Amino acid sequence: MKNGFLIFLAVFVALGGSWCGFVLAPELQLGGAKQTTILNSSEVYPVGRPGEANQGLSVYRANGCVACHTEQVRQSGVACDVVLTSAGKNETAVINVVVAFIKNTPEFAPVNLPKIILHGVSKEVADSAADKITAAGGKTEIHMAATGPDITRGWGMRQSVAEDYLYDQPVQLGSLRAGPDLSNVGTRADANWQLLHLYAPQSVVKGSSMPPFRYLFEVRKIGREPSPDALKLAPEFAPAAGYEVVPGPEARELAAYLSSLRANAPLFSAPISP
Amino acid sequence: MIENKQNEDFGRAALPRRQADRQVSPTGSVDASLRVPLLALLGGAAFWLVVSSALAMIASIKFHAPDFLADYAWLTYGRVQPAADDALLYGFCIPAGLGVALWLFAQLGQTPLRGTIVPVVAAKLWHLGVLVGLVGILSGNSTGFAWLEFPRAGSIILFFAYLLLALWAMMNFAARRERALYPSHWFLVAALFWFPWIYSTANLFLVAWPVRGVVQDVIGWWFSANLLFVWLALVGIGTAFYFLPKFSGRPLQGYYLALYTFWMLILFGTWCGIPPGAPVPAWLPTVSSYAAVLTVVPVLSIGVIMWQTLCGGQMCAVRGGPFCFIRFGLASFLLSSLMVIAMVYPRISRVTEFTWFGPAQTQLQLYGFFAMTMFGAIYHLLPRVVGFEWPFPKFARLQFWVSMPGVVLFIVPLMMGGVVQGMKLNDPNIAFLDATRATLVFFRFSTTGLLLILLGNLLFALNIFAMTFVWEKSLLKKAFAIVTAPLEKSSASASLRRDQEVKA
């Protein structure tokens, strides 16, 4: 290359390409995204967080919680259950089809329906089984559950999808799990637990490596009556006698935000059975 | 034939036999013109380098003792960690890269820098922007986006300071007396254009008028990959391509290979960064993963160029400190790029994702590759620019033997800890706390490595500060000498004498 202009042109071509691909195209595709509806229901998803929880997101941002926590669940696949809901008129045909699937229990009677006839199989297997039973005159349902280590750990019921973050500003996906994933921490713990955990992590999770956030709380002399908001701490974490620990406004907001984290509604892009 | 001729052409600028011509051409004025801007840029950079490793040290200790400094909001882990990262990237890496680029342009083009007051002001402005940004993060005003944490005020100052510095570098480039372009030119000019584009895009779409939902993350990943992978590679490799021929005494091997490397690096590198499995439409991580795999082409050809240029050369006088730094930097670049490529391979990413493997790669790129390359370049150029030897010339080699084991001890355990953590996290029968605890033993090593890095940074900063001090002292001495010079020979006193004679 002989002159500066050619270098500029090279930059323009290369960076312009990725700019169109990774800045412009995602904005065109997702920038106008609207609420979606929950699968098999008319409820919309997601709904904006209540005011205090929304303030809590900015406390989360200000204190860099994202340095150690992710808010994204990964899923490695789905496991389907095929449930027979009705054997229809031609019971024997249905029984023959079903017995072909459950090899080690040749006796099968269509009583106590609905009954799970195939457990934890792939979507393809479940679909073909359901098709065969339907062809024989029976009725089936397919229950889907997400699988993967994150799901087994109880961090969520399905993978995280773009819809989950529609109203977050800033979106705090995170890239490191020095602490557990928080996508659904609102389903696991309430605001009271969060406050205790923020003030003294070790008091509720033995061996936790989370630093305490005591600066979000106020330790003050007990007035005429103890405050109803005072934390009920275990003796070894409690302040000196005559003092109480009261959460400050930021602690309250952060706890409200954490309790509002629930991203487990079944969606078209992440189908699971409730 | 043509290739050989070109090889000679662009190799000449870096060859020792060129030195003879340099004495004739105004090299002295080229170097002298850069003295004040480079001292301003690199002095501040050295300061932030020490700040960054001190902050990183505090953050690292918190993993061994979560209660450490826990009562100060501005020293909580979530603020100290990004502050340490940004102090290293924006405080040291970028100004050091710009300083080295200014010097390389002036040197390769044999053109002194004009209007030096502007780059000096821009350098001070840049460091002010870093100060504003870091205070912003520590006081809880971070934007919450990785590598873009500086609040708006800091980012605006940085952007304009960069524009001024880049403009002056480009003006010097346009006015160059030696018209032929050397491969380093391509890399450095491209880097000058690269940063304003990505930095303004990211700040406009994430901070000023934020886009909605996960588009924020896509733009954030695009920005950080283009900054951490492409920008740093352009500047670091551009610098190394100037120094490699100097060390080996033979021209850079392969003009066309270098050109090819340049094109492949900017074409594929710019699409990296979106992690597989991210909660975004599937085509985004897929495209990004293919691009990351294809960056193996430029990475390997950089390795080939380095190998062929160094091997077979006679390894002339400039071995010492600078050579060790740049060779280690290039080796780190190869390893860190291979880590980037490995991390998009689904079977590997399933283990390394969300673990310490990612931060290990970033730190290797930032410190092992870029900072080390810059140390080598600065140890070589600053004495020439200032006009006298380093106050502690032995510190260069000493710093290498502190920083190099520091990087190894910091990065390797972090990588291994990441893999162990990832395997334990993938087994849901192992409790989360046990998976976290398993990394603690690795942290002990990497905290020790960090301590060595802090020590190396102190040696580097001490040398630059002492050099600035000596230079300022000599300036003061000169000024003092001018002020107190006897007046007898001056024209003023002569005319006075004449007046007296007339009166007499």
# chains A, B, ... in the order shown; residues from 1 in each chain; ligands from 1

call {"tool": "residues_around", "arguments": {"residues": "Ala174 of chain B", "least_positions_apart": "6", "cutoff": "10 Å", "atoms": "only C-alpha atoms", "output": "VMD selection string"}}
result
(chain A and resid 3 to 4) or (chain B and resid 105 109 111 168)

call {"tool": "residues_around", "arguments": {"residues": "segment 184-194 of chain B", "least_positions_apart": "3", "cutoff": "7 Å", "atoms": "only C-alpha atoms", "output": "PDB file with N, CA and C atoms, in the first residue's frame"}}
result
ATOM      1  N   ILE A   7      -5.014   3.207   3.167  1.00  0.00           N
ATOM      2  CA  ILE A   7      -5.162   2.610   4.499  1.00  0.00           C
ATOM      3  C   ILE A   7      -6.518   3.003   5.075  1.00  0.00           C
ATOM      4  N   PHE A   8      -6.874   4.274   4.878  1.00  0.00           N
ATOM      5  CA  PHE A   8      -8.182   4.722   5.360  1.00  0.00           C
ATOM      6  C   PHE A   8      -9.296   3.907   4.708  1.00  0.00           C
ATOM      7  N   VAL A  11      -9.584   0.523   6.295  1.00  0.00           N
ATOM      8  CA  VAL A  11     -10.285   0.606   7.583  1.00  0.00           C
ATOM      9  C   VAL A  11     -11.782   0.759   7.339  1.00  0.00           C
TER      10      VAL A  11
ATOM     11  N   ALA B 101       3.347   5.598  18.682  1.00  0.00           N
ATOM     12  CA  ALA B 101       2.969   5.852  17.285  1.00  0.00           C
ATOM     13  C   ALA B 101       3.498   7.202  16.818  1.00  0.00           C
ATOM     14  N   ALA B 166      -4.441  12.135  17.494  1.00  0.00           N
ATOM     15  CA  ALA B 166      -4.458  11.425  16.221  1.00  0.00           C
ATOM     16  C   ALA B 166      -4.278  12.404  15.066  1.00  0.00           C
ATOM     17  N   LEU B 181       6.121   3.983   2.416  1.00  0.00           N
ATOM     18  CA  LEU B 181       5.404   3.502   3.587  1.00  0.00           C
ATOM     19  C   LEU B 181       6.001   2.181   4.052  1.00  0.00           C
ATOM     20  N   TRP B 197     -13.937   5.745  15.768  1.00  0.00           N
ATOM     21  CA  TRP B 197     -15.148   5.135  15.213  1.00  0.00           C
ATOM     22  C   TRP B 197     -15.839   4.247  16.253  1.00  0.00           C
ATOM     23  N   ILE B 198     -15.079   3.314  16.820  1.00  0.00           N
ATOM     24  CA  ILE B 198     -15.726   2.381  17.751  1.00  0.00           C
ATOM     25  C   ILE B 198     -16.112   3.082  19.054  1.00  0.00           C
ATOM     26  N   TRP B 231      -7.607  -3.098  18.038  1.00  0.00           N
ATOM     27  CA  TRP B 231      -6.810  -1.880  18.224  1.00  0.00           C
ATOM     28  C   TRP B 231      -5.460  -2.209  18.853  1.00  0.00           C
ATOM     29  N   LEU B 234      -3.274  -3.935  16.361  1.00  0.00           N
ATOM     30  CA  LEU B 234      -2.743  -3.045  15.323  1.00  0.00           C
ATOM     31  C   LEU B 234      -1.550  -2.256  15.861  1.00  0.00           C
ATOM     32  N   VAL B 235      -1.694  -1.664  17.036  1.00  0.00           N
ATOM     33  CA  VAL B 235      -0.615  -0.830  17.568  1.00  0.00           C
ATOM     34  C   VAL B 235       0.565  -1.697  18.009  1.00  0.00           C
ATOM     35  N   GLY B 238       2.184  -3.332  14.927  1.00  0.00           N
ATOM     36  CA  GLY B 238       2.841  -2.283  14.149  1.00  0.00           C
ATOM     37  C   GLY B 238       4.162  -1.889  14.779  1.00  0.00           C
ATOM     38  N   THR B 239       4.158  -1.752  16.115  1.00  0.00           N
ATOM     39  CA  THR B 239       5.386  -1.402  16.822  1.00  0.00           C
ATOM     40  C   THR B 239       6.419  -2.526  16.698  1.00  0.00           C
ATOM     41  N   PHE B 241       6.728  -4.694  14.396  1.00  0.00           N
ATOM     42  CA  PHE B 241       7.270  -4.804  13.040  1.00  0.00           C
ATOM     43  C   PHE B 241       8.361  -3.772  12.777  1.00  0.00           C
ATOM     44  N   TYR B 242       8.382  -2.684  13.551  1.00  0.00           N
ATOM     45  CA  TYR B 242       9.487  -1.743  13.438  1.00  0.00           C
ATOM     46  C   TYR B 242      10.713  -2.272  14.175  1.00  0.00           C
ATOM     47  N   PHE B 262      -2.090  -7.811   7.567  1.00  0.00           N
ATOM     48  CA  PHE B 262      -2.824  -6.591   7.900  1.00  0.00           C
ATOM     49  C   PHE B 262      -4.288  -6.711   7.474  1.00  0.00           C
TER      50      PHE B 262
END

call {"tool": "residues_around", "arguments": {"residues": "Phe325 of chain B", "least_positions_apart": "5", "cutoff": "7 Å", "atoms": "only C-alpha atoms", "output": "compact mmCIF listing (two decimals) with C-alpha atoms, in the first residue's frame"}}
result
# COMPACT_ATOMS: atom_id res chain seq x y z
CA MET B 372 5.18 -5.57 27.59
CA THR B 373 5.62 -4.54 23.93
CA PHE B 375 7.78 -1.27 27.73
CA GLY B 376 10.29 -2.53 25.16
CA PHE B 400 11.78 -7.70 32.66

call {"tool": "interface_residues", "arguments": {"of": "chain A", "to": "chain B", "cutoff": "7 Å", "atoms": "only C-alpha atoms", "output": "compact mmCIF listing (two decimals) with C-alpha atoms, in the first residue's frame"}}
result
# COMPACT_ATOMS: atom_id res chain seq x y z
CA LYS A 2 1.41 3.28 -1.11
CA ILE A 7 -5.16 2.61 4.50
CA PHE A 8 -8.18 4.72 5.36
CA VAL A 11 -10.28 0.61 7.58
CA ALA A 14 -13.33 -3.66 7.23
CA LEU A 15 -14.79 -1.71 10.12
CA SER A 18 -18.68 -5.18 10.98
CA PHE A 22 -23.01 -5.94 14.61
CA VAL A 23 -24.38 -2.44 15.25
CA PRO A 26 -29.09 -6.06 15.47
CA GLU A 27 -30.67 -2.64 16.01
CA LEU A 30 -34.26 -6.12 17.77
CA GLY A 31 -34.30 -2.37 18.37
CA ARG A 61 -24.77 -1.02 38.29
CA ALA A 62 -23.10 1.52 40.57
CA ASN A 63 -21.63 -1.16 42.83
CA GLY A 64 -20.46 -3.34 39.96
CA CYS A 65 -22.36 -6.47 40.99
CA ALA A 67 -18.25 -8.07 37.99
CA PRO A 149 -26.26 -27.85 34.48
CA THR A 152 -30.30 -28.60 37.39
CA ARG A 153 -28.68 -26.11 39.77
CA SER A 160 -32.38 -16.73 28.87
CA VAL A 161 -33.56 -15.09 25.67
CA ALA A 162 -33.46 -11.56 24.27
CA TYR A 165 -33.89 -7.87 29.00
CA LEU A 166 -36.29 -5.62 27.09
CA TYR A 167 -36.69 -3.00 29.83
CA ASP A 168 -33.31 -3.16 31.55
CA PRO A 170 -28.24 -0.95 31.39
CA VAL A 171 -28.55 -4.65 30.56
CA SER A 175 -19.44 -12.59 31.96
CA LEU A 176 -18.08 -14.19 35.10
CA ARG A 177 -19.63 -16.46 37.72
CA ALA A 178 -17.56 -15.76 40.78
CA SER A 208 -19.52 -17.30 50.90
CA SER A 209 -16.80 -15.26 49.24
CA MET A 210 -19.06 -12.29 48.60
CA PRO A 211 -17.80 -9.08 50.19
CA PRO A 212 -20.25 -7.56 52.68
CA PHE A 213 -22.02 -4.36 51.65
CA ARG A 214 -22.25 -2.84 55.13
CA TYR A 215 -21.97 0.65 53.71

call {"tool": "atom_distance", "arguments": {"atom1": "atom CA of Glu163 of chain A", "atom2": "atom CA of Arg74 of chain A"}}
result
14.8 Å

call {"tool": "residues_around", "arguments": {"residues": "segment 249-256 of chain A", "least_positions_apart": "2", "cutoff": "7 Å", "atoms": "only C-alpha atoms", "output": "list in words"}}
result
Glu52, Ala53, Gln55, Gly56, Leu57, Val59, Tyr60, Ala191, Gln194, Leu195, Leu216, Phe217, Pro247, Leu258, Ser259 and Ser260 of chain A

call {"tool": "closest_residue", "arguments": {"among": "A:Asn40, A:Gly48, A:Trp193, A:Ser76", "to": "Gln169 of chain A", "atoms": "only C-alpha atoms"}}
result
A:Gly48
